[in-house]
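S.K.: See structure.txt below, with compact mmCIF, N, CA, C and O atoms.
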# COMPACT_ATOMS: atom_id res chain seq x y z
N MET A 1 -27.96 6.23 -8.85
CA MET A 1 -26.94 5.54 -9.59
C MET A 1 -26.68 6.20 -10.95
O MET A 1 -25.59 6.05 -11.47
N GLU A 2 -27.65 6.90 -11.49
CA GLU A 2 -27.43 7.59 -12.76
C GLU A 2 -26.34 8.63 -12.63
O GLU A 2 -25.54 8.82 -13.53
N PHE A 3 -26.33 9.31 -11.48
CA PHE A 3 -25.30 10.32 -11.24
C PHE A 3 -23.91 9.68 -11.29
O PHE A 3 -22.99 10.22 -11.89
N LEU A 4 -23.78 8.51 -10.69
CA LEU A 4 -22.50 7.79 -10.69
C LEU A 4 -22.11 7.37 -12.10
O LEU A 4 -20.94 7.44 -12.47
N ASP A 5 -23.09 6.96 -12.88
CA ASP A 5 -22.81 6.54 -14.26
C ASP A 5 -22.36 7.71 -15.14
O ASP A 5 -21.61 7.50 -16.09
N ARG A 6 -22.82 8.92 -14.83
CA ARG A 6 -22.47 10.08 -15.64
C ARG A 6 -21.09 10.64 -15.34
O ARG A 6 -20.57 11.43 -16.11
N ILE A 7 -20.49 10.27 -14.22
CA ILE A 7 -19.16 10.77 -13.88
C ILE A 7 -18.14 10.02 -14.73
O ILE A 7 -18.06 8.79 -14.67
N PRO A 8 -17.33 10.74 -15.51
CA PRO A 8 -16.32 10.06 -16.34
C PRO A 8 -15.27 9.37 -15.47
O PRO A 8 -14.83 9.91 -14.45
N LEU A 9 -14.86 8.20 -15.90
CA LEU A 9 -13.86 7.44 -15.15
C LEU A 9 -12.55 8.21 -15.05
O LEU A 9 -11.86 8.15 -14.03
N GLY A 10 -12.20 8.94 -16.07
CA GLY A 10 -10.96 9.73 -16.06
C GLY A 10 -10.94 10.77 -14.96
O GLY A 10 -9.91 11.01 -14.32
N ILE A 11 -12.09 11.39 -14.72
CA ILE A 11 -12.18 12.40 -13.65
C ILE A 11 -11.99 11.74 -12.30
O ILE A 11 -11.31 12.28 -11.42
N VAL A 12 -12.57 10.57 -12.11
CA VAL A 12 -12.44 9.84 -10.85
C VAL A 12 -10.98 9.44 -10.63
O VAL A 12 -10.44 9.58 -9.53
N LEU A 13 -10.34 8.96 -11.68
CA LEU A 13 -8.93 8.59 -11.57
C LEU A 13 -8.05 9.80 -11.27
O LEU A 13 -7.12 9.71 -10.47
N LEU A 14 -8.36 10.93 -11.89
CA LEU A 14 -7.61 12.15 -11.62
C LEU A 14 -7.79 12.58 -10.17
O LEU A 14 -6.82 13.00 -9.52
N ALA A 15 -9.00 12.46 -9.64
CA ALA A 15 -9.24 12.80 -8.23
C ALA A 15 -8.45 11.87 -7.31
O ALA A 15 -7.90 12.32 -6.30
N CYS A 16 -8.37 10.60 -7.66
CA CYS A 16 -7.60 9.65 -6.85
C CYS A 16 -6.13 9.99 -6.84
O CYS A 16 -5.48 9.93 -5.80
N LEU A 17 -5.60 10.33 -8.01
CA LEU A 17 -4.18 10.61 -8.11
C LEU A 17 -3.77 11.95 -7.53
O LEU A 17 -2.62 12.13 -7.13
N THR A 18 -4.69 12.90 -7.47
CA THR A 18 -4.35 14.22 -6.93
C THR A 18 -4.82 14.33 -5.48
O THR A 18 -4.00 14.31 -4.57
N LEU A 19 -6.10 14.44 -5.28
CA LEU A 19 -6.63 14.60 -3.93
C LEU A 19 -6.43 13.36 -3.07
O LEU A 19 -6.14 13.45 -1.88
N GLY A 20 -6.55 12.20 -3.67
CA GLY A 20 -6.41 10.96 -2.91
C GLY A 20 -5.02 10.69 -2.41
O GLY A 20 -4.83 10.02 -1.40
N LEU A 21 -4.01 11.21 -3.10
CA LEU A 21 -2.64 10.95 -2.70
C LEU A 21 -1.92 12.17 -2.14
O LEU A 21 -0.84 12.04 -1.58
N ALA A 22 -2.46 13.36 -2.30
CA ALA A 22 -1.79 14.58 -1.87
C ALA A 22 -1.70 14.65 -0.35
O ALA A 22 -2.57 14.16 0.34
N PRO A 23 -0.72 15.25 0.24
CA PRO A 23 0.55 15.63 -0.36
C PRO A 23 1.41 14.39 -0.61
O PRO A 23 1.30 13.41 0.10
N PHE A 24 2.25 14.46 -1.60
CA PHE A 24 3.01 13.30 -2.05
C PHE A 24 4.26 13.02 -1.23
O PHE A 24 4.71 11.89 -1.15
N MET A 25 4.83 14.05 -0.64
CA MET A 25 6.07 13.89 0.13
C MET A 25 5.82 14.21 1.58
O MET A 25 5.10 15.15 1.87
N PRO A 26 6.31 13.54 2.53
CA PRO A 26 7.22 12.40 2.45
C PRO A 26 6.49 11.09 2.11
O PRO A 26 7.12 10.15 1.63
N GLU A 27 5.20 11.02 2.35
CA GLU A 27 4.41 9.86 1.91
C GLU A 27 2.98 10.33 1.69
O GLU A 27 2.56 11.35 2.26
N PRO A 28 2.22 9.64 0.84
CA PRO A 28 0.83 10.07 0.61
C PRO A 28 0.04 10.09 1.91
O PRO A 28 0.19 9.23 2.78
N HIS A 29 -0.79 11.12 2.04
CA HIS A 29 -1.56 11.32 3.27
C HIS A 29 -2.48 10.14 3.56
O HIS A 29 -2.65 9.76 4.71
N ILE A 30 -3.09 9.58 2.53
CA ILE A 30 -4.01 8.46 2.74
C ILE A 30 -3.25 7.27 3.32
O ILE A 30 -3.77 6.55 4.18
N TRP A 31 -2.01 7.07 2.89
CA TRP A 31 -1.21 5.96 3.42
C TRP A 31 -0.90 6.19 4.90
O TRP A 31 -0.95 5.28 5.71
N GLU A 32 -0.56 7.44 5.24
CA GLU A 32 -0.29 7.79 6.63
C GLU A 32 -1.53 7.54 7.50
O GLU A 32 -1.43 6.97 8.59
N LYS A 33 -2.69 7.94 7.01
CA LYS A 33 -3.93 7.76 7.78
C LYS A 33 -4.31 6.29 7.88
O LYS A 33 -4.83 5.85 8.91
N LEU A 34 -4.07 5.50 6.83
CA LEU A 34 -4.34 4.07 6.90
C LEU A 34 -3.43 3.39 7.92
O LEU A 34 -3.87 2.49 8.65
N LYS A 35 -2.17 3.83 7.99
CA LYS A 35 -1.26 3.29 9.01
C LYS A 35 -1.73 3.66 10.41
O LYS A 35 -1.67 2.84 11.32
N MET A 36 -2.22 4.90 10.58
CA MET A 36 -2.75 5.32 11.87
C MET A 36 -3.98 4.49 12.24
O MET A 36 -4.14 4.09 13.39
N LEU A 37 -4.84 4.22 11.26
CA LEU A 37 -6.04 3.42 11.49
C LEU A 37 -5.65 2.01 11.92
O LEU A 37 -6.23 1.46 12.86
N ALA A 38 -4.68 1.42 11.25
CA ALA A 38 -4.23 0.07 11.59
C ALA A 38 -3.58 0.02 12.97
O ALA A 38 -3.73 -0.97 13.69
N ALA A 39 -2.89 1.09 13.33
CA ALA A 39 -2.23 1.13 14.64
C ALA A 39 -3.19 1.51 15.76
O ALA A 39 -2.84 1.40 16.93
N GLY A 40 -4.37 1.98 15.40
CA GLY A 40 -5.35 2.38 16.40
C GLY A 40 -5.10 3.77 16.97
O GLY A 40 -5.56 4.10 18.06
N THR A 41 -4.38 4.61 16.23
CA THR A 41 -4.08 5.96 16.71
C THR A 41 -4.86 7.04 15.96
O THR A 41 -4.56 8.22 16.11
N LEU A 42 -5.85 6.67 15.20
CA LEU A 42 -6.66 7.63 14.45
C LEU A 42 -7.81 8.07 15.36
O LEU A 42 -8.93 7.59 15.25
N HIS A 43 -7.52 9.01 16.27
CA HIS A 43 -8.49 9.42 17.28
C HIS A 43 -8.93 10.88 17.15
O HIS A 43 -10.09 11.19 17.41
N ARG A 44 -8.02 11.75 16.78
CA ARG A 44 -8.35 13.17 16.75
C ARG A 44 -9.34 13.46 15.63
O ARG A 44 -9.23 12.90 14.53
N PRO A 45 -10.32 14.31 15.89
CA PRO A 45 -11.31 14.63 14.85
C PRO A 45 -10.69 15.15 13.56
O PRO A 45 -11.16 14.82 12.47
N VAL A 46 -9.63 15.93 13.65
CA VAL A 46 -9.00 16.45 12.44
C VAL A 46 -8.38 15.31 11.62
O VAL A 46 -8.42 15.33 10.38
N ASP A 47 -7.84 14.30 12.27
CA ASP A 47 -7.28 13.16 11.56
C ASP A 47 -8.38 12.32 10.91
O ASP A 47 -8.20 11.82 9.80
N ILE A 48 -9.49 12.16 11.59
CA ILE A 48 -10.61 11.40 11.04
C ILE A 48 -11.18 12.12 9.82
O ILE A 48 -11.43 11.51 8.78
N PHE A 49 -11.37 13.44 9.94
CA PHE A 49 -11.84 14.23 8.80
C PHE A 49 -10.85 14.12 7.64
O PHE A 49 -11.25 13.93 6.48
N ASP A 50 -9.57 14.23 7.93
CA ASP A 50 -8.53 14.16 6.91
C ASP A 50 -8.54 12.79 6.22
O ASP A 50 -8.36 12.70 5.01
N PHE A 51 -8.74 11.74 7.00
CA PHE A 51 -8.82 10.39 6.43
C PHE A 51 -9.97 10.29 5.43
O PHE A 51 -9.79 9.82 4.31
N PHE A 52 -11.15 10.75 5.82
CA PHE A 52 -12.30 10.68 4.91
C PHE A 52 -12.14 11.61 3.71
O PHE A 52 -12.55 11.28 2.60
N PHE A 53 -11.50 12.75 3.92
CA PHE A 53 -11.27 13.70 2.83
C PHE A 53 -10.39 13.09 1.75
O PHE A 53 -10.64 13.27 0.55
N HIS A 54 -9.35 12.35 2.16
CA HIS A 54 -8.45 11.74 1.19
C HIS A 54 -8.94 10.38 0.72
O HIS A 54 -8.44 9.86 -0.29
N ALA A 55 -9.90 9.78 1.41
CA ALA A 55 -10.39 8.44 1.04
C ALA A 55 -11.57 8.49 0.08
O ALA A 55 -11.80 7.52 -0.64
N TRP A 56 -12.32 9.60 0.04
CA TRP A 56 -13.55 9.59 -0.77
C TRP A 56 -13.29 9.36 -2.26
O TRP A 56 -14.08 8.67 -2.90
N PRO A 57 -12.19 9.86 -2.87
CA PRO A 57 -11.99 9.52 -4.29
C PRO A 57 -11.77 8.03 -4.51
O PRO A 57 -12.25 7.47 -5.50
N TRP A 58 -11.08 7.38 -3.59
CA TRP A 58 -10.82 5.94 -3.72
C TRP A 58 -12.11 5.15 -3.54
O TRP A 58 -12.34 4.16 -4.25
N LEU A 59 -12.95 5.57 -2.61
CA LEU A 59 -14.23 4.90 -2.41
C LEU A 59 -15.12 5.08 -3.64
O LEU A 59 -15.78 4.13 -4.08
N LEU A 60 -15.12 6.28 -4.19
CA LEU A 60 -15.90 6.55 -5.40
C LEU A 60 -15.40 5.69 -6.56
O LEU A 60 -16.20 5.13 -7.32
N LEU A 61 -14.09 5.54 -6.69
CA LEU A 61 -13.52 4.70 -7.75
C LEU A 61 -13.96 3.24 -7.58
O LEU A 61 -14.35 2.60 -8.55
N MET A 62 -13.91 2.74 -6.36
CA MET A 62 -14.32 1.34 -6.13
C MET A 62 -15.78 1.13 -6.46
O MET A 62 -16.14 0.14 -7.11
N VAL A 63 -16.64 2.06 -6.05
CA VAL A 63 -18.08 1.93 -6.33
C VAL A 63 -18.34 2.04 -7.82
O VAL A 63 -19.12 1.28 -8.39
N LYS A 64 -17.66 2.97 -8.49
CA LYS A 64 -17.85 3.15 -9.94
C LYS A 64 -17.39 1.91 -10.69
O LYS A 64 -18.08 1.44 -11.61
N LEU A 65 -16.25 1.34 -10.32
CA LEU A 65 -15.76 0.14 -11.00
C LEU A 65 -16.68 -1.05 -10.75
O LEU A 65 -16.94 -1.86 -11.66
N ALA A 66 -17.20 -1.18 -9.55
CA ALA A 66 -18.14 -2.26 -9.25
C ALA A 66 -19.42 -2.08 -10.06
O ALA A 66 -19.96 -3.05 -10.61
N ARG A 67 -19.90 -0.85 -10.14
CA ARG A 67 -21.11 -0.57 -10.93
C ARG A 67 -20.89 -0.88 -12.41
O ARG A 67 -21.76 -1.43 -13.07
N MET A 68 -19.70 -0.52 -12.92
CA MET A 68 -19.39 -0.79 -14.32
C MET A 68 -19.34 -2.31 -14.56
O MET A 68 -19.80 -2.77 -15.61
N ALA A 69 -18.80 -3.06 -13.64
CA ALA A 69 -18.69 -4.51 -13.79
C ALA A 69 -20.07 -5.16 -13.73
O ALA A 69 -20.33 -6.13 -14.44
N MET A 70 -20.96 -4.64 -12.90
CA MET A 70 -22.30 -5.23 -12.76
C MET A 70 -23.20 -4.91 -13.94
O MET A 70 -24.08 -5.69 -14.27
N THR A 71 -22.99 -3.77 -14.60
CA THR A 71 -23.88 -3.39 -15.69
C THR A 71 -23.44 -3.97 -17.02
O THR A 71 -24.16 -3.84 -18.00
N ARG A 72 -22.30 -4.58 -17.10
CA ARG A 72 -21.84 -5.17 -18.37
C ARG A 72 -22.43 -6.51 -18.59
O ARG A 72 -22.83 -7.31 -17.96
Could you write out this structure as structure tokens?
M.R.:
Amino acid sequence: MEFLDRIPLGIVLLACLTLGLAPFMPEPHIWEKLKMLAAGTLHRPVDIFDFFFHAWPWLLLMVKLARMAMTR
């Protein structure tokens, strides 16, 4: 958890806005993969890898914010 505490929040937000949303056109990749997951069409290994690749900054942000809320 110390490692998580040392990561600046700004860096995590920057990762979410760049890697988490890229490519931006025609729609963010993470949104496309979430729609595929909801529709049950997220089957191909490359799509699953792509989903986790674009989701990890958002997961890191959620964990960091939860950790910040618990330590206050």
S.K.: Given the choices A:Met70, A:Ala39, A:Cys16, A:Met25, which gets closest to Pro57 (chain A) if the distance is worked out from all atoms listed in the file?
M.R.: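 Ranking A:Met70, A:Ala39, A:Cys16, A:Met25 by distance to Pro57 (chain A), first place goes to A:Cys16.
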S.K.: May I ask which of the residues A:Arg67, A:Arg72, A:Leu37, A:Leu61 is the closest one to Leu9 (chain A), counting only N, CA, C and O atoms?
M.R.: A:Leu61
S.K.: Just give me the gap between CA of Leu34 (chain A) and atom O of Thr18 (chain A) in Å, one decimal is fine.
M.R.: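 So the two atoms, CA of Leu34 (chain A) and atom O of Thr18 (chain A), lie 15.4 Å apart.
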S.K.: When distances are computed from only C-alpha atoms, which of A:Ile48, A:Met68, A:Met36, A:Leu60 shows the smallest separation from Leu13 (chain A)?
M.R.: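 Ranking A:Ile48, A:Met68, A:Met36, A:Leu60 by distance to Leu13 (chain A), first place goes to A:Leu60.
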S.K.: Between CA of Glu27 (chain A) and CA of Lys64 (chain A), what is the spacing in Å?
M.R.: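 If I compute the distance from CA of Lys64 (chain A) to CA of Glu27 (chain A), I get 26.1 Å.
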S.K.: Would you kindly place all heavy atoms on region 14-25 of chain A and return the model as an mmCIF file, in the coordinates of the input?
M.R.:
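So out04.cif came out as:
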data_model
loop_
_atom_site.group_PDB
_atom_site.id
_atom_site.type_symbol
_atom_site.label_atom_id
_atom_site.label_comp_id
_atom_site.auth_asym_id
_atom_site.auth_seq_id
_atom_site.Cartn_x
_atom_site.Cartn_y
_atom_site.Cartn_z
ATOM 1 N N LEU A 14 -8.360 10.930 -11.890
ATOM 2 C CA LEU A 14 -7.610 12.150 -11.620
ATOM 3 C C LEU A 14 -7.790 12.580 -10.170
ATOM 4 O O LEU A 14 -6.820 13.000 -9.520
ATOM 5 C CB LEU A 14 -8.070 13.262 -12.577
ATOM 6 C CG LEU A 14 -7.323 14.581 -12.484
ATOM 7 C CD1 LEU A 14 -5.867 14.396 -12.885
ATOM 8 C CD2 LEU A 14 -7.992 15.615 -13.366
ATOM 9 N N ALA A 15 -9.000 12.460 -9.640
ATOM 10 C CA ALA A 15 -9.240 12.800 -8.230
ATOM 11 C C ALA A 15 -8.450 11.870 -7.310
ATOM 12 O O ALA A 15 -7.900 12.320 -6.300
ATOM 13 C CB ALA A 15 -10.732 12.722 -7.917
ATOM 14 N N CYS A 16 -8.370 10.600 -7.660
ATOM 15 C CA CYS A 16 -7.600 9.650 -6.850
ATOM 16 C C CYS A 16 -6.130 9.990 -6.840
ATOM 17 O O CYS A 16 -5.480 9.930 -5.800
ATOM 18 C CB CYS A 16 -7.795 8.222 -7.358
ATOM 19 S SG CYS A 16 -9.398 7.532 -7.021
ATOM 20 N N LEU A 17 -5.600 10.330 -8.010
ATOM 21 C CA LEU A 17 -4.180 10.610 -8.110
ATOM 22 C C LEU A 17 -3.770 11.950 -7.530
ATOM 23 O O LEU A 17 -2.620 12.130 -7.130
ATOM 24 C CB LEU A 17 -3.732 10.513 -9.569
ATOM 25 C CG LEU A 17 -3.840 9.118 -10.177
ATOM 26 C CD1 LEU A 17 -3.485 9.169 -11.656
ATOM 27 C CD2 LEU A 17 -2.968 8.134 -9.437
ATOM 28 N N THR A 18 -4.690 12.900 -7.470
ATOM 29 C CA THR A 18 -4.350 14.220 -6.930
ATOM 30 C C THR A 18 -4.820 14.330 -5.480
ATOM 31 O O THR A 18 -4.000 14.310 -4.570
ATOM 32 C CB THR A 18 -4.951 15.341 -7.781
ATOM 33 O OG1 THR A 18 -6.364 15.151 -7.895
ATOM 34 C CG2 THR A 18 -4.329 15.376 -9.163
ATOM 35 N N LEU A 19 -6.100 14.440 -5.280
ATOM 36 C CA LEU A 19 -6.630 14.600 -3.930
ATOM 37 C C LEU A 19 -6.430 13.360 -3.070
ATOM 38 O O LEU A 19 -6.140 13.450 -1.880
ATOM 39 C CB LEU A 19 -8.125 14.935 -3.999
ATOM 40 C CG LEU A 19 -8.837 15.166 -2.676
ATOM 41 C CD1 LEU A 19 -8.216 16.339 -1.944
ATOM 42 C CD2 LEU A 19 -10.301 15.391 -2.887
ATOM 43 N N GLY A 20 -6.550 12.200 -3.670
ATOM 44 C CA GLY A 20 -6.410 10.960 -2.910
ATOM 45 C C GLY A 20 -5.020 10.690 -2.410
ATOM 46 O O GLY A 20 -4.830 10.020 -1.400
ATOM 47 N N LEU A 21 -4.010 11.210 -3.100
ATOM 48 C CA LEU A 21 -2.640 10.950 -2.700
ATOM 49 C C LEU A 21 -1.920 12.170 -2.140
ATOM 50 O O LEU A 21 -0.840 12.040 -1.580
ATOM 51 C CB LEU A 21 -1.837 10.413 -3.896
ATOM 52 C CG LEU A 21 -2.242 9.041 -4.403
ATOM 53 C CD1 LEU A 21 -1.431 8.690 -5.637
ATOM 54 C CD2 LEU A 21 -2.083 7.987 -3.340
ATOM 55 N N ALA A 22 -2.460 13.360 -2.300
ATOM 56 C CA ALA A 22 -1.790 14.580 -1.870
ATOM 57 C C ALA A 22 -1.700 14.650 -0.350
ATOM 58 O O ALA A 22 -2.570 14.160 0.340
ATOM 59 C CB ALA A 22 -2.534 15.801 -2.395
ATOM 60 N N PRO A 23 -0.720 15.250 0.240
ATOM 61 C CA PRO A 23 0.550 15.630 -0.360
ATOM 62 C C PRO A 23 1.410 14.390 -0.610
ATOM 63 O O PRO A 23 1.300 13.410 0.100
ATOM 64 C CB PRO A 23 1.183 16.535 0.693
ATOM 65 C CG PRO A 23 0.625 16.059 1.982
ATOM 66 C CD PRO A 23 -0.772 15.578 1.660
ATOM 67 N N PHE A 24 2.250 14.460 -1.600
ATOM 68 C CA PHE A 24 3.010 13.300 -2.050
ATOM 69 C C PHE A 24 4.260 13.020 -1.230
ATOM 70 O O PHE A 24 4.710 11.890 -1.150
ATOM 71 C CB PHE A 24 3.390 13.459 -3.523
ATOM 72 C CG PHE A 24 2.187 13.672 -4.401
ATOM 73 C CD1 PHE A 24 1.855 14.933 -4.832
ATOM 74 C CD2 PHE A 24 1.397 12.601 -4.766
ATOM 75 C CE1 PHE A 24 0.740 15.130 -5.634
ATOM 76 C CE2 PHE A 24 0.279 12.785 -5.570
ATOM 77 C CZ PHE A 24 -0.050 14.050 -6.001
ATOM 78 N N MET A 25 4.830 14.050 -0.640
ATOM 79 C CA MET A 25 6.070 13.890 0.130
ATOM 80 C C MET A 25 5.820 14.210 1.580
ATOM 81 O O MET A 25 5.100 15.150 1.870
ATOM 82 C CB MET A 25 7.169 14.828 -0.408
ATOM 83 C CG MET A 25 7.611 14.484 -1.783
ATOM 84 S SD MET A 25 8.429 12.904 -1.748
ATOM 85 C CE MET A 25 8.734 12.656 -3.465
#
